[in-house]
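Visitor: Sending over input_39.cif (mmCIF, C-alpha atoms).
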```cif
data_entry
#
loop_
_atom_site.label_atom_id
_atom_site.label_comp_id
_atom_site.auth_asym_id
_atom_site.auth_seq_id
_atom_site.Cartn_x
_atom_site.Cartn_y
_atom_site.Cartn_z
CA MET A 1 -9.50 11.24 -1.27
CA PHE A 2 -8.22 10.88 2.29
CA GLU A 3 -4.86 9.57 1.06
CA LEU A 4 -4.54 12.39 -1.48
CA TYR A 5 -5.38 15.08 1.03
CA SER A 6 -3.30 13.67 3.89
CA ALA A 7 -0.14 13.99 1.75
CA GLY A 8 -0.40 17.73 2.45
CA ASN A 9 0.30 19.09 -1.03
CA LEU A 10 -3.25 19.34 -2.41
CA SER A 11 -6.10 21.64 -1.48
CA VAL A 12 -9.61 20.32 -0.94
CA LYS A 13 -10.57 21.90 -4.27
CA GLU A 14 -7.81 19.95 -6.02
CA VAL A 15 -8.92 16.73 -4.30
CA ALA A 16 -12.46 17.40 -5.51
CA ARG A 17 -11.17 17.86 -9.04
CA LYS A 18 -9.28 14.56 -8.93
CA ALA A 19 -12.35 12.83 -7.49
CA LYS A 20 -14.39 14.17 -10.41
CA GLU A 21 -11.78 12.85 -12.86
CA GLU A 22 -12.11 9.42 -11.22
CA GLY A 23 -15.88 9.47 -11.74
CA LEU A 24 -17.14 10.31 -8.24
CA VAL A 25 -20.75 11.49 -8.69
CA PHE A 26 -23.99 11.56 -6.73
CA ARG A 27 -25.90 8.31 -7.12
CA GLY A 28 -29.25 9.85 -8.08
CA SER A 29 -28.39 12.83 -10.24
CA GLY A 30 -25.02 11.73 -11.58
CA LYS A 31 -23.63 15.21 -10.83
CA PRO A 32 -20.05 15.67 -9.58
CA VAL A 33 -19.55 16.01 -5.83
CA PRO A 34 -18.80 19.69 -5.03
CA THR A 35 -15.88 20.94 -2.97
CA SER A 36 -18.17 21.81 -0.04
CA THR A 37 -19.22 18.16 0.24
CA ILE A 38 -15.60 17.00 0.01
CA HIS A 39 -14.89 19.29 2.98
CA LYS A 40 -17.59 17.50 4.97
CA ILE A 41 -16.37 14.06 3.92
CA LEU A 42 -12.80 14.78 4.99
CA ARG A 43 -14.02 15.90 8.44
CA ASN A 44 -16.38 12.99 9.00
CA PRO A 45 -15.04 10.12 11.20
CA ILE A 46 -17.77 7.79 9.86
CA TYR A 47 -15.29 6.51 7.26
CA THR A 48 -13.00 5.18 10.02
CA GLY A 49 -15.76 3.02 11.48
CA ARG A 50 -16.76 5.62 14.10
CA PHE A 51 -19.60 8.10 14.36
CA SER A 52 -20.21 11.27 16.31
CA TRP A 53 -23.24 11.61 18.59
CA LYS A 54 -23.81 14.60 20.87
CA GLY A 55 -20.17 15.59 20.75
CA LYS A 56 -18.78 12.11 21.49
CA LEU A 57 -17.27 9.48 19.21
CA TYR A 58 -18.61 5.93 19.21
CA LYS A 59 -17.48 2.80 17.41
CA GLY A 60 -19.97 1.79 14.74
CA ALA A 61 -20.96 -1.66 13.52
CA HIS A 62 -19.94 -0.85 9.95
CA ALA A 63 -16.58 -1.74 8.42
CA PRO A 64 -14.13 1.18 8.17
CA LEU A 65 -13.17 2.42 4.71
CA VAL A 66 -10.23 4.56 5.84
CA GLU A 67 -7.43 3.66 8.25
CA ASN A 68 -7.48 5.76 11.38
CA ASP A 69 -3.93 7.07 10.96
CA VAL A 70 -4.76 8.31 7.44
CA TRP A 71 -7.83 10.10 8.79
CA GLU A 72 -5.81 11.64 11.62
CA MET A 73 -3.19 12.84 9.17
CA ALA A 74 -5.91 14.44 7.05
CA GLN A 75 -7.12 16.32 10.13
CA MET A 76 -3.60 17.51 10.85
CA VAL A 77 -3.23 18.81 7.31
CA ARG A 78 -6.66 20.46 7.54
CA SER A 79 -5.66 22.24 10.74
CA THR A 80 -2.63 23.80 9.02
CA HIS A 81 -4.87 25.13 6.22
CA ARG A 82 -7.57 26.46 8.52
CA GLY A 83 -7.96 30.21 8.59
CA LYS A 84 -5.82 30.95 5.54
CA ARG A 85 -6.30 30.69 1.79
CA HIS A 86 -4.58 27.66 0.33
CA ARG A 87 -2.61 28.38 -2.81
CA THR A 88 -2.30 25.80 -5.54
CA ALA A 89 0.79 23.76 -4.81
CA THR A 90 3.71 24.68 -7.05
CA HIS A 91 6.07 22.16 -5.48
CA ASP A 92 5.61 18.45 -5.02
CA PHE A 93 6.37 18.01 -1.32
CA ALA A 94 7.75 14.50 -1.40
CA PHE A 95 7.60 13.69 2.32
CA SER A 96 4.46 15.51 3.53
CA GLY A 97 2.20 13.00 5.29
CA PHE A 98 4.92 10.34 5.07
CA VAL A 99 7.10 11.28 8.04
CA THR A 100 5.78 11.77 11.57
CA CYS A 101 7.28 13.83 14.36
CA GLY A 102 9.20 11.68 16.84
CA HIS A 103 8.30 14.06 19.70
CA CYS A 104 4.51 14.15 19.47
CA GLY A 105 3.47 11.78 16.67
CA CYS A 106 1.99 14.50 14.45
CA GLY A 107 2.84 14.63 10.76
CA LEU A 108 5.58 16.66 9.09
CA VAL A 109 4.37 18.94 6.28
CA GLY A 110 6.33 20.79 3.63
CA GLU A 111 6.47 24.54 3.28
CA LYS A 112 8.27 26.63 0.68
CA LYS A 113 10.39 29.54 1.91
CA LYS A 114 11.46 32.50 -0.26
CA ASP A 115 10.00 30.61 -3.26
CA ARG A 116 13.16 28.52 -3.33
CA TYR A 117 13.74 26.37 -0.28
CA VAL A 118 11.50 23.60 1.03
CA TYR A 119 11.36 22.99 4.75
CA TYR A 120 9.41 20.45 6.75
CA HIS A 121 7.94 21.08 10.18
CA CYS A 122 5.62 19.41 12.67
CA THR A 123 1.97 20.38 12.24
CA GLY A 124 1.75 21.07 15.96
CA TYR A 125 -1.68 19.48 15.95
CA LYS A 126 -1.24 18.34 19.56
CA GLY A 127 0.34 21.57 20.77
CA LYS A 128 3.63 23.42 20.46
CA CYS A 129 6.42 21.05 19.39
CA PRO A 130 10.17 21.49 20.03
CA GLU A 131 11.22 19.86 16.74
CA PRO A 132 12.88 22.51 14.50
CA TYR A 133 12.38 22.90 10.76
CA VAL A 134 14.39 20.59 8.51
CA ARG A 135 15.38 21.11 4.87
CA GLU A 136 13.95 18.73 2.26
CA GLU A 137 17.48 17.98 1.04
CA ARG A 138 18.42 16.74 4.50
CA LEU A 139 15.45 14.37 4.63
CA ALA A 140 16.21 13.17 1.11
CA GLU A 141 19.80 12.35 2.10
CA GLU A 142 18.60 10.44 5.15
CA PHE A 143 16.18 8.38 3.06
CA GLU A 144 18.96 7.62 0.59
CA THR A 145 20.93 6.19 3.50
CA VAL A 146 17.89 4.13 4.43
CA LEU A 147 17.80 2.62 0.95
CA GLU A 148 21.51 1.84 1.05
CA GLN A 149 20.73 -0.69 3.79
CA ILE A 150 18.80 -2.97 1.44
CA ILE A 151 21.21 -3.22 -1.50
CA PHE A 152 22.32 -6.57 -2.93
CA ASP A 153 25.60 -7.09 -4.73
CA ASP A 154 25.79 -9.02 -8.03
CA ASN A 155 26.66 -12.33 -6.34
CA VAL A 156 23.66 -12.15 -4.05
CA ILE A 157 21.36 -11.12 -6.91
CA THR A 158 22.35 -14.33 -8.69
CA TRP A 159 21.82 -16.38 -5.53
CA VAL A 160 18.43 -14.84 -4.79
CA ALA A 161 17.31 -15.24 -8.41
CA GLU A 162 18.13 -18.95 -8.22
CA ALA A 163 16.37 -19.25 -4.86
CA LEU A 164 13.37 -17.48 -6.35
CA LYS A 165 13.28 -19.97 -9.21
CA GLN A 166 13.40 -22.90 -6.80
CA SER A 167 10.77 -21.33 -4.59
CA HIS A 168 8.59 -20.67 -7.60
CA ALA A 169 8.89 -24.31 -8.63
CA ASP A 170 7.42 -25.31 -5.25
CA GLU A 171 4.78 -22.59 -5.49
CA LYS A 172 3.86 -23.63 -9.03
CA LYS A 173 3.57 -27.28 -7.98
CA PHE A 174 1.21 -26.31 -5.15
CA HIS A 175 -1.05 -24.25 -7.42
CA ASP A 176 -0.96 -26.83 -10.25
CA GLU A 177 -2.00 -29.62 -7.89
CA ALA A 178 -4.80 -27.45 -6.48
CA VAL A 179 -6.03 -26.60 -9.99
CA ALA A 180 -6.00 -30.29 -10.96
CA ARG A 181 -8.14 -31.20 -7.92
CA LEU A 182 -10.58 -28.39 -8.62
CA GLN A 183 -10.87 -29.27 -12.29
CA ALA A 184 -11.56 -32.89 -11.37
CA GLU A 185 -14.34 -31.75 -9.04
CA TYR A 186 -15.74 -29.52 -11.80
CA THR A 187 -15.79 -32.49 -14.20
CA ARG A 188 -17.48 -34.69 -11.57
CA LEU A 189 -20.27 -32.14 -11.10
CA GLN A 190 -20.71 -31.81 -14.85
CA GLY A 191 -21.07 -35.58 -15.05
CA ARG A 192 -23.83 -35.44 -12.42
CA ILE A 193 -25.67 -32.73 -14.36
CA ASP A 194 -25.41 -34.68 -17.62
CA GLN A 195 -26.61 -37.93 -16.02
CA MET A 196 -29.53 -36.24 -14.28
CA TYR A 197 -30.53 -34.59 -17.57
CA ILE A 198 -30.86 -38.09 -19.07
CA ASP A 199 -32.88 -39.16 -16.01
CA LYS A 200 -35.16 -36.18 -16.59
CA LEU A 201 -35.67 -37.15 -20.25
CA ASP A 202 -36.45 -40.73 -19.19
CA GLY A 203 -38.93 -39.48 -16.59
CA ARG A 204 -36.99 -40.76 -13.59
CA VAL A 205 -36.75 -37.24 -12.05
CA THR A 206 -39.11 -34.31 -12.29
CA LEU A 207 -38.29 -31.06 -14.11
CA GLU A 208 -38.52 -29.15 -10.83
CA PHE A 209 -36.02 -31.47 -9.12
CA PHE A 210 -33.66 -31.28 -12.11
CA ASP A 211 -33.75 -27.47 -12.20
CA ARG A 212 -33.09 -27.18 -8.46
CA LYS A 213 -30.17 -29.63 -8.32
CA ALA A 214 -28.65 -28.45 -11.59
CA SER A 215 -28.75 -24.88 -10.29
CA GLU A 216 -26.96 -25.91 -7.08
CA TRP A 217 -24.25 -27.82 -8.93
CA ARG A 218 -23.71 -25.04 -11.48
CA LEU A 219 -23.26 -22.60 -8.62
CA GLU A 220 -20.62 -24.93 -7.20
CA GLN A 221 -18.98 -25.02 -10.61
CA ASP A 222 -18.88 -21.22 -10.76
CA ASN A 223 -17.17 -21.14 -7.37
CA LEU A 224 -14.67 -23.74 -8.55
CA LEU A 225 -13.86 -21.69 -11.66
CA ARG A 226 -13.24 -18.59 -9.54
CA THR A 227 -10.95 -20.54 -7.23
CA ILE A 228 -9.07 -21.96 -10.22
CA ALA A 229 -8.62 -18.46 -11.61
CA ASN A 230 -7.30 -17.27 -8.23
CA HIS A 231 -4.70 -20.04 -8.17
CA GLN A 232 -3.62 -19.24 -11.72
CA SER A 233 -3.40 -15.54 -10.94
CA ALA A 234 -1.47 -16.16 -7.71
CA ASN A 235 1.01 -18.26 -9.64
CA ARG A 236 1.71 -15.40 -12.06
CA THR A 237 1.71 -12.77 -9.30
CA TYR A 238 4.29 -14.72 -7.30
CA VAL A 239 6.78 -14.51 -10.18
CA ASP A 240 6.03 -10.88 -11.03
CA GLU A 241 6.21 -9.75 -7.41
CA GLY A 242 9.41 -11.65 -6.78
CA ALA A 243 11.06 -10.14 -9.85
CA ARG A 244 9.90 -6.65 -8.89
CA LEU A 245 11.20 -6.95 -5.33
CA LEU A 246 14.51 -8.34 -6.56
CA GLU A 247 15.00 -5.44 -8.96
CA LEU A 248 13.92 -2.92 -6.34
CA ALA A 249 16.31 -4.33 -3.73
CA SER A 250 19.21 -4.23 -6.16
CA ARG A 251 18.56 -0.75 -7.60
CA ALA A 252 16.53 1.10 -4.97
CA CYS A 253 19.19 3.65 -4.07
CA ASP A 254 20.12 4.45 -7.69
CA LEU A 255 16.47 4.65 -8.71
CA TYR A 256 15.74 6.98 -5.82
CA ALA A 257 18.53 9.41 -6.69
CA LYS A 258 17.22 9.87 -10.25
CA GLN A 259 13.54 10.35 -9.47
CA THR A 260 11.31 13.38 -9.07
CA PRO A 261 10.06 14.06 -5.52
CA HIS A 262 6.73 12.37 -6.31
CA GLU A 263 8.44 9.24 -7.66
CA LYS A 264 10.80 9.19 -4.68
CA ARG A 265 7.76 9.07 -2.43
CA ARG A 266 6.26 6.18 -4.43
CA LEU A 267 9.47 4.19 -4.18
CA LEU A 268 9.73 4.81 -0.44
CA ASP A 269 6.12 3.66 -0.03
CA CYS A 270 7.21 0.26 -1.39
CA VAL A 271 10.09 -0.07 1.05
CA VAL A 272 9.24 1.87 4.21
CA ALA A 273 6.24 1.16 6.45
CA LYS A 274 6.80 3.99 8.96
CA ALA A 275 9.17 6.92 9.27
CA SER A 276 9.69 9.44 12.08
CA TRP A 277 11.99 12.43 12.55
CA LYS A 278 13.27 13.43 15.97
CA ALA A 279 16.15 15.65 17.07
CA GLY A 280 17.65 15.62 13.59
CA ALA A 281 17.56 11.84 13.18
CA LEU A 282 15.40 9.65 10.95
CA GLU A 283 14.02 6.31 12.16
CA VAL A 284 12.21 3.93 9.85
CA THR A 285 10.42 0.59 9.91
CA TYR A 286 10.94 -1.39 6.72
CA ARG A 287 8.25 -3.37 4.99
CA PRO A 288 8.81 -7.13 4.57
CA PRO A 289 10.99 -8.55 3.11
CA PHE A 290 13.23 -5.47 3.21
CA ASP A 291 13.20 -5.54 7.03
CA LEU A 292 15.11 -8.83 7.10
CA LEU A 293 17.61 -7.62 4.53
CA ALA A 294 18.23 -4.35 6.37
CA LEU A 295 18.67 -6.24 9.65
CA SER A 296 21.25 -8.61 8.19
CA ASN A 297 23.09 -5.70 6.58
CA SER A 298 23.14 -3.79 9.87
CA GLU A 299 24.42 -6.77 11.85
CA THR A 300 27.24 -7.42 9.39
CA ALA A 301 28.18 -3.74 9.29
CA ALA A 302 28.34 -3.68 13.09
CA LYS A 303 30.71 -6.65 13.15
CA ASP A 304 33.36 -5.03 10.96
CA GLY A 305 32.79 -1.45 12.11
CA ARG A 306 31.27 -0.14 8.87
CA LYS A 307 28.65 2.55 9.10
CA HIS A 308 26.90 1.31 5.96
CA SER A 309 27.38 -1.74 3.82
CA ARG A 310 26.40 -2.20 0.21
CA ALA A 311 27.08 -5.92 0.06
CA PRO A 312 26.96 -7.46 3.53
CA PHE A 313 24.26 -10.01 2.77
CA SER A 314 26.66 -11.95 0.56
CA GLU A 315 29.01 -12.31 3.53
CA ILE A 316 26.21 -13.70 5.69
CA MET A 317 25.43 -16.22 2.95
CA GLY A 318 29.09 -17.15 2.63
CA GLY A 319 29.50 -15.29 -0.72
#
```
Represent the structure contained in this file as structure tokens.
Guide:
Amino acid sequence: MFELYSAGNLSVKEVARKAKEEGLVFRGSGKPVPTSTIHKILRNPIYTGRFSWKGKLYKGAHAPLVENDVWEMAQMVRSTHRGKRHRTATHDFAFSGFVTCGHCGCGLVGEKKKDRYVYYHCTGYKGKCPEPYVREERLAEEFETVLEQIIFDDNVITWVAEALKQSHADEKKFHDEAVARLQAEYTRLQGRIDQMYIDKLDGRVTLEFFDRKASEWRLEQDNLLRTIANHQSANRTYVDEGARLLELASRACDLYAKQTPHEKRRLLDCVVAKASWKAGALEVTYRPPFDLLALSNSETAAKDGRKHSRAPFSEIMGG
């Protein structure tokens, strides 16, 4: 709910509706949580691991459920809605809650002007901010430039795919060896249980002793099976994730240009960790491994005087 609301394009009522669709209900009655309660939840710092007492915030002993920056962004969005009726969003503001103001650190939120043009502006949560409004098209163009910095050419795609295969071979060997050790331990414990069952039948151990030890060893077996499953899942995930990142790095810019605002935001979430807008310029921090790729592209572009480069990584690799 905090993530939905902090994006800036949903009202609390719409967040409550989505929460209902996801099955959020009161534990005792099973009734949906009303909008008034959602209001209280979105204002409550308890979900960030803090609690309010006599007007002051204290750090609690409980684990936080919501990251502090997400909670802060939700408060910024709430402050822009305070004192006026929120209309149902008719436009999907792609960058609301995604870009922060480089002057004060508050979030940028979208606003539609003349029912046609979308502008973004600082929420001003920390006071009046000098950053002027910026058109959504301008931000979109800047993010397209950001994605151009992580593009592979065909030669590098082939090289990375081969490197991924080799890396996966090492990864698969590691997981296969771990699974073999775990399965051997599982078989050893099963042998103990079987032998002790015979001892119980022959009267060499009591029923109580058998039940206690068998229960302990079966619990160990359950833990072994879970660990085996984790290794097998990690093995599959490594391949799937590698293939997804490879495709994304090779097609990110083209994919971005063809997407709806909501899908553009989802793609940027995969690539960009942080984004800020200041004095008409966009600054971003890439997520790994795109940060390394962007850095190598930037260094190569600087060497030959290019502003952007669509295939510099191949030159670094000698391609």
Visitor: In terms of the shortest atom-to-atom distance over all atoms listed in the file, which of A:Glu283, A:Asp291, A:Glu216, A:Glu263 is closest to Gly102 (chain A)?
Guide: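 Checking each candidate against Gly102 (chain A), we get A:Glu283 as the closest.
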Visitor: Between CA of Lys258 (chain A) and CA of Ala140 (chain A), what is the distance in Å, rounded to a tenth?
Guide: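 CA of Ala140 (chain A) lies 11.9 Å from CA of Lys258 (chain A).
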Visitor: Measure the distance from CA of Met1 (chain A) to CA of Pro32 (chain A) in Å and round it to one decimal.
Guide: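 For CA of Met1 (chain A) relative to CA of Pro32 (chain A), the distance reads 14.1 Å.
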Visitor: Return as a PyMOL selection string the set of residues that the PyMOL selection byres ((chain A and resi 73) around 10) yields on the displayed structure.
Guide: chain A and resi 2-3+5-8+68-72+74-79+96-98+100+106-108+123+125
Visitor: Extract, using only C-alpha atoms, all DNA, RNA and protein residues at most 10 Å from region 217-229 of chain A, discarding same-chain residues fewer than 2 positions from it, and format them as a PyMOL selection string.
Guide: chain A and resi 175-176+178-183+185-190+192-193+212-215+231-235
Visitor: Can you tell me how far CA of Phe209 (chain A) sits from CA of Gln195 (chain A), in Å to one decimal?
Guide: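 Interatomic distance here is 13.3 Å.
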Visitor: Please identify all polymer residues lying at most 12 Å from the point (14.5, 26.2, -1.4) (file coordinates), using all atoms listed in the file, and present the result as a PyMOL selection string.
Guide: chain A and resi 91+93+110-120+134-138
